[in-house]
Amino acid sequence: MAMEKNEIPVGSIIFNPSTGKLVSKARNSEISHNDPTAHAEILCIRRACKKLNLKRLDGLELLTYLEPCDMCKEVIKSTRISQVYYLFKNNNPKRKTILNPKFKLIKNNNENLLKLFFKKKRIKD
């Protein structure tokens, strides 16, 4: 099905290892969604989070066809999925890597929004 749509044929599932229950499943849909982030792992995570109404997926496990790329690995870490299994090694892991990212310092007298956000979260009322 994926190959007929010219999509990379990668699929993922998220399941509860205690019960064996399938929580979500997805396949790569970058082309059909016109979305470079529509990897199977990320779509599967989005569906699981929506279905369970949770931001974190503690205790759940992910099985995917191909070793996740760096983008997917970071999303997986953020969701706190307990374990990841893949069937094939990704022999092209640097394909989507930015080799020389640049940092741009913007000088101003104010604290940046991220600092202000976390400062307010840490202040107890």
# chains A, B, ... in the order shown; residues from 1 in each chain; ligands from 1
$ residues_around --residues "A:Ile76" --least-positions-apart "3" --cutoff "10 Å" --atoms "only C-alpha atoms" --output "MDAnalysis selection string"
chainID A and resid 41:42 45 56:57 61:62 68 70:73 79:84
$ write_last_selection --atoms "N, CA, C and O atoms" --output "PDB file, in the first residue's frame"
ATOM      1  N   GLU A  41       6.584   6.630  13.074  1.00  0.00           N
ATOM      2  CA  GLU A  41       6.727   6.711  14.534  1.00  0.00           C
ATOM      3  C   GLU A  41       5.987   7.923  15.098  1.00  0.00           C
ATOM      4  O   GLU A  41       5.286   7.821  16.106  1.00  0.00           O
ATOM      5  N   ILE A  42       6.159   9.065  14.454  1.00  0.00           N
ATOM      6  CA  ILE A  42       5.539  10.293  14.952  1.00  0.00           C
ATOM      7  C   ILE A  42       4.023  10.235  14.817  1.00  0.00           C
ATOM      8  O   ILE A  42       3.290  10.610  15.749  1.00  0.00           O
ATOM      9  N   ILE A  45       2.712   7.969  17.506  1.00  0.00           N
ATOM     10  CA  ILE A  45       2.746   8.652  18.805  1.00  0.00           C
ATOM     11  C   ILE A  45       1.592   9.649  18.909  1.00  0.00           C
ATOM     12  O   ILE A  45       0.897   9.710  19.931  1.00  0.00           O
ATOM     13  N   ARG A  56       2.406  12.044  27.739  1.00  0.00           N
ATOM     14  CA  ARG A  56       3.465  11.071  27.938  1.00  0.00           C
ATOM     15  C   ARG A  56       2.905   9.659  27.762  1.00  0.00           C
ATOM     16  O   ARG A  56       1.757   9.403  28.102  1.00  0.00           O
ATOM     17  N   LEU A  57       3.739   8.761  27.286  1.00  0.00           N
ATOM     18  CA  LEU A  57       3.320   7.381  27.036  1.00  0.00           C
ATOM     19  C   LEU A  57       4.143   6.410  27.881  1.00  0.00           C
ATOM     20  O   LEU A  57       4.606   5.370  27.403  1.00  0.00           O
ATOM     21  N   GLU A  61       5.319   0.606  24.700  1.00  0.00           N
ATOM     22  CA  GLU A  61       6.463   0.264  23.860  1.00  0.00           C
ATOM     23  C   GLU A  61       6.120   0.485  22.400  1.00  0.00           C
ATOM     24  O   GLU A  61       4.951   0.447  22.014  1.00  0.00           O
ATOM     25  N   LEU A  62       7.151   0.752  21.600  1.00  0.00           N
ATOM     26  CA  LEU A  62       6.985   1.030  20.182  1.00  0.00           C
ATOM     27  C   LEU A  62       7.767   0.006  19.375  1.00  0.00           C
ATOM     28  O   LEU A  62       8.918  -0.303  19.704  1.00  0.00           O
ATOM     29  N   PRO A  68      14.551   4.253  13.998  1.00  0.00           N
ATOM     30  CA  PRO A  68      14.078   5.637  13.905  1.00  0.00           C
ATOM     31  C   PRO A  68      15.195   6.629  13.582  1.00  0.00           C
ATOM     32  O   PRO A  68      16.339   6.466  14.010  1.00  0.00           O
ATOM     33  N   ASP A  70      16.863  10.564  13.681  1.00  0.00           N
ATOM     34  CA  ASP A  70      17.129  11.429  14.833  1.00  0.00           C
ATOM     35  C   ASP A  70      15.893  12.210  15.276  1.00  0.00           C
ATOM     36  O   ASP A  70      15.646  12.359  16.475  1.00  0.00           O
ATOM     37  N   MET A  71      15.118  12.710  14.326  1.00  0.00           N
ATOM     38  CA  MET A  71      13.906  13.454  14.673  1.00  0.00           C
ATOM     39  C   MET A  71      12.956  12.565  15.469  1.00  0.00           C
ATOM     40  O   MET A  71      12.453  12.961  16.527  1.00  0.00           O
ATOM     41  N   CYS A  72      12.728  11.368  14.984  1.00  0.00           N
ATOM     42  CA  CYS A  72      11.812  10.448  15.661  1.00  0.00           C
ATOM     43  C   CYS A  72      12.344  10.038  17.034  1.00  0.00           C
ATOM     44  O   CYS A  72      11.582   9.925  17.997  1.00  0.00           O
ATOM     45  N   LYS A  73      13.652   9.839  17.131  1.00  0.00           N
ATOM     46  CA  LYS A  73      14.254   9.470  18.419  1.00  0.00           C
ATOM     47  C   LYS A  73      13.995  10.555  19.467  1.00  0.00           C
ATOM     48  O   LYS A  73      13.701  10.250  20.626  1.00  0.00           O
ATOM     49  N   THR A  79       8.214  11.573  24.725  1.00  0.00           N
ATOM     50  CA  THR A  79       6.987  10.894  25.156  1.00  0.00           C
ATOM     51  C   THR A  79       7.237   9.874  26.256  1.00  0.00           C
ATOM     52  O   THR A  79       6.292   9.351  26.823  1.00  0.00           O
ATOM     53  N   ARG A  80       8.510   9.589  26.513  1.00  0.00           N
ATOM     54  CA  ARG A  80       8.906   8.647  27.565  1.00  0.00           C
ATOM     55  C   ARG A  80       8.413   7.222  27.305  1.00  0.00           C
ATOM     56  O   ARG A  80       8.076   6.487  28.235  1.00  0.00           O
ATOM     57  N   ILE A  81       8.356   6.849  26.042  1.00  0.00           N
ATOM     58  CA  ILE A  81       8.049   5.463  25.696  1.00  0.00           C
ATOM     59  C   ILE A  81       9.133   4.594  26.329  1.00  0.00           C
ATOM     60  O   ILE A  81      10.318   4.916  26.273  1.00  0.00           O
ATOM     61  N   SER A  82       8.724   3.488  26.946  1.00  0.00           N
ATOM     62  CA  SER A  82       9.648   2.669  27.742  1.00  0.00           C
ATOM     63  C   SER A  82      10.682   1.905  26.923  1.00  0.00           C
ATOM     64  O   SER A  82      11.824   1.764  27.346  1.00  0.00           O
ATOM     65  N   GLN A  83      10.269   1.396  25.768  1.00  0.00           N
ATOM     66  CA  GLN A  83      11.171   0.566  24.976  1.00  0.00           C
ATOM     67  C   GLN A  83      10.841   0.720  23.497  1.00  0.00           C
ATOM     68  O   GLN A  83       9.678   0.867  23.132  1.00  0.00           O
ATOM     69  N   VAL A  84      11.883   0.684  22.656  1.00  0.00           N
ATOM     70  CA  VAL A  84      11.705   0.775  21.209  1.00  0.00           C
ATOM     71  C   VAL A  84      12.369  -0.443  20.578  1.00  0.00           C
ATOM     72  O   VAL A  84      13.501  -0.796  20.921  1.00  0.00           O
TER      73      VAL A  84
END
$ closest_atom_pairs --of "stretch 36-112 of chain A" --to "stretch 2-20 of chain A" --cutoff "7 Å" --atoms "only C-alpha atoms" --output "JSON lines"
{"residue": "A:Ala40", "atom": "CA", "partner": "A:Gly11", "partner_atom": "CA", "distance": 5.3}
{"residue": "A:Glu41", "atom": "CA", "partner": "A:Ser12", "partner_atom": "CA", "distance": 5.6}
{"residue": "A:Cys44", "atom": "CA", "partner": "A:Ser12", "partner_atom": "CA", "distance": 6.4}
{"residue": "A:Leu60", "atom": "CA", "partner": "A:Asn16", "partner_atom": "CA", "distance": 4.9}
{"residue": "A:Glu61", "atom": "CA", "partner": "A:Phe15", "partner_atom": "CA", "distance": 5.5}
{"residue": "A:Leu62", "atom": "CA", "partner": "A:Ile14", "partner_atom": "CA", "distance": 4.4}
{"residue": "A:Leu63", "atom": "CA", "partner": "A:Ile13", "partner_atom": "CA", "distance": 5.4}
{"residue": "A:Thr64", "atom": "CA", "partner": "A:Ser12", "partner_atom": "CA", "distance": 4.2}
{"residue": "A:Tyr65", "atom": "CA", "partner": "A:Val10", "partner_atom": "CA", "distance": 5.5}
{"residue": "A:Leu66", "atom": "CA", "partner": "A:Val10", "partner_atom": "CA", "distance": 6.5}
$ write_last_selection --atoms "N, CA and C atoms" --output "PDB file, in the first residue's frame"
ATOM      1  N   ALA A  40       6.201   7.332  10.356  1.00  0.00           N
ATOM      2  CA  ALA A  40       5.334   6.354  11.003  1.00  0.00           C
ATOM      3  C   ALA A  40       5.379   6.477  12.523  1.00  0.00           C
ATOM      4  N   GLU A  41       6.584   6.630  13.074  1.00  0.00           N
ATOM      5  CA  GLU A  41       6.727   6.711  14.534  1.00  0.00           C
ATOM      6  C   GLU A  41       5.987   7.923  15.098  1.00  0.00           C
ATOM      7  N   CYS A  44       2.207   7.571  14.786  1.00  0.00           N
ATOM      8  CA  CYS A  44       1.770   6.574  15.753  1.00  0.00           C
ATOM      9  C   CYS A  44       1.710   7.183  17.159  1.00  0.00           C
ATOM     10  N   LEU A  60       4.512   2.263  27.821  1.00  0.00           N
ATOM     11  CA  LEU A  60       4.169   1.699  26.521  1.00  0.00           C
ATOM     12  C   LEU A  60       5.430   1.447  25.710  1.00  0.00           C
ATOM     13  N   GLU A  61       5.319   0.606  24.700  1.00  0.00           N
ATOM     14  CA  GLU A  61       6.463   0.264  23.860  1.00  0.00           C
ATOM     15  C   GLU A  61       6.120   0.485  22.400  1.00  0.00           C
ATOM     16  N   LEU A  62       7.151   0.752  21.600  1.00  0.00           N
ATOM     17  CA  LEU A  62       6.985   1.030  20.182  1.00  0.00           C
ATOM     18  C   LEU A  62       7.767   0.006  19.375  1.00  0.00           C
ATOM     19  N   LEU A  63       7.140  -0.510  18.347  1.00  0.00           N
ATOM     20  CA  LEU A  63       7.791  -1.411  17.397  1.00  0.00           C
ATOM     21  C   LEU A  63       7.697  -0.756  16.032  1.00  0.00           C
ATOM     22  N   THR A  64       8.826  -0.623  15.367  1.00  0.00           N
ATOM     23  CA  THR A  64       8.850   0.004  14.048  1.00  0.00           C
ATOM     24  C   THR A  64       9.721  -0.816  13.110  1.00  0.00           C
ATOM     25  N   TYR A  65       9.460  -0.665  11.844  1.00  0.00           N
ATOM     26  CA  TYR A  65      10.119  -1.459  10.824  1.00  0.00           C
ATOM     27  C   TYR A  65      11.601  -1.095  10.680  1.00  0.00           C
ATOM     28  N   LEU A  66      11.882   0.211  10.668  1.00  0.00           N
ATOM     29  CA  LEU A  66      13.230   0.716  10.437  1.00  0.00           C
ATOM     30  C   LEU A  66      13.696   1.498  11.657  1.00  0.00           C
TER      31      LEU A  66
END
$ select_by_dssp --residues "chain A" --states "helix (DSSP H, G or I)" --output "PyMOL selection string"
chain A and resi 3-5+30-33+40-52+70-79+113-122
$ write_last_selection --atoms "C-alpha atoms" --output "CSV table (one decimal), in the first residue's frame"
chain,number,residue,atom,x,y,z
A,3,MET,CA,4.8,1.7,-2.2
A,4,GLU,CA,1.7,2.2,-4.4
A,5,LYS,CA,1.5,5.8,-2.9
A,30,GLU,CA,5.2,12.3,4.2
A,31,ILE,CA,4.0,12.5,0.6
A,32,SER,CA,0.3,12.0,1.1
A,33,HIS,CA,0.2,14.6,3.9
A,40,ALA,CA,5.3,6.4,11.0
A,41,GLU,CA,6.7,6.7,14.5
A,42,ILE,CA,5.5,10.3,15.0
A,43,LEU,CA,2.1,9.6,13.5
A,44,CYS,CA,1.8,6.6,15.8
A,45,ILE,CA,2.7,8.7,18.8
A,46,ARG,CA,0.3,11.4,17.9
A,47,ARG,CA,-2.5,8.8,17.6
A,48,ALA,CA,-1.6,7.2,20.9
A,49,CYS,CA,-1.5,10.5,22.7
A,50,LYS,CA,-4.9,11.5,21.3
A,51,LYS,CA,-6.5,8.2,22.0
A,52,LEU,CA,-5.3,8.1,25.6
A,70,ASP,CA,17.1,11.4,14.8
A,71,MET,CA,13.9,13.5,14.7
A,72,CYS,CA,11.8,10.4,15.7
A,73,LYS,CA,14.3,9.5,18.4
A,74,GLU,CA,13.9,12.9,20.0
A,75,VAL,CA,10.1,12.7,19.9
A,76,ILE,CA,10.2,9.2,21.3
A,77,LYS,CA,12.4,10.4,24.2
A,78,SER,CA,9.9,13.3,24.9
A,79,THR,CA,7.0,10.9,25.2
A,113,LEU,CA,10.4,34.2,26.8
A,114,LEU,CA,11.6,30.7,27.7
A,115,LYS,CA,13.4,32.0,30.8
A,116,LEU,CA,10.4,34.0,31.9
A,117,PHE,CA,8.1,31.0,31.3
A,118,PHE,CA,10.1,28.7,33.4
A,119,LYS,CA,10.8,31.3,36.1
A,120,LYS,CA,7.0,31.8,36.6
A,121,LYS,CA,6.5,28.0,36.7
A,122,ARG,CA,9.1,27.7,39.5
$ select_by_dssp --residues "chain A" --states "strand (DSSP E)" --output "ChimeraX atom specification"
/A:11-15,22-27,61-66,83-88
$ atom_distance --atom1 "atom CA of A:Asn90" --atom2 "atom CA of A:Leu54"
29.2 Å
$ closest_residue --among "A:Asn112, A:Cys69, A:Ala38, A:Lys104" --to "A:Asn92" --atoms "only C-alpha atoms"
A:Cys69
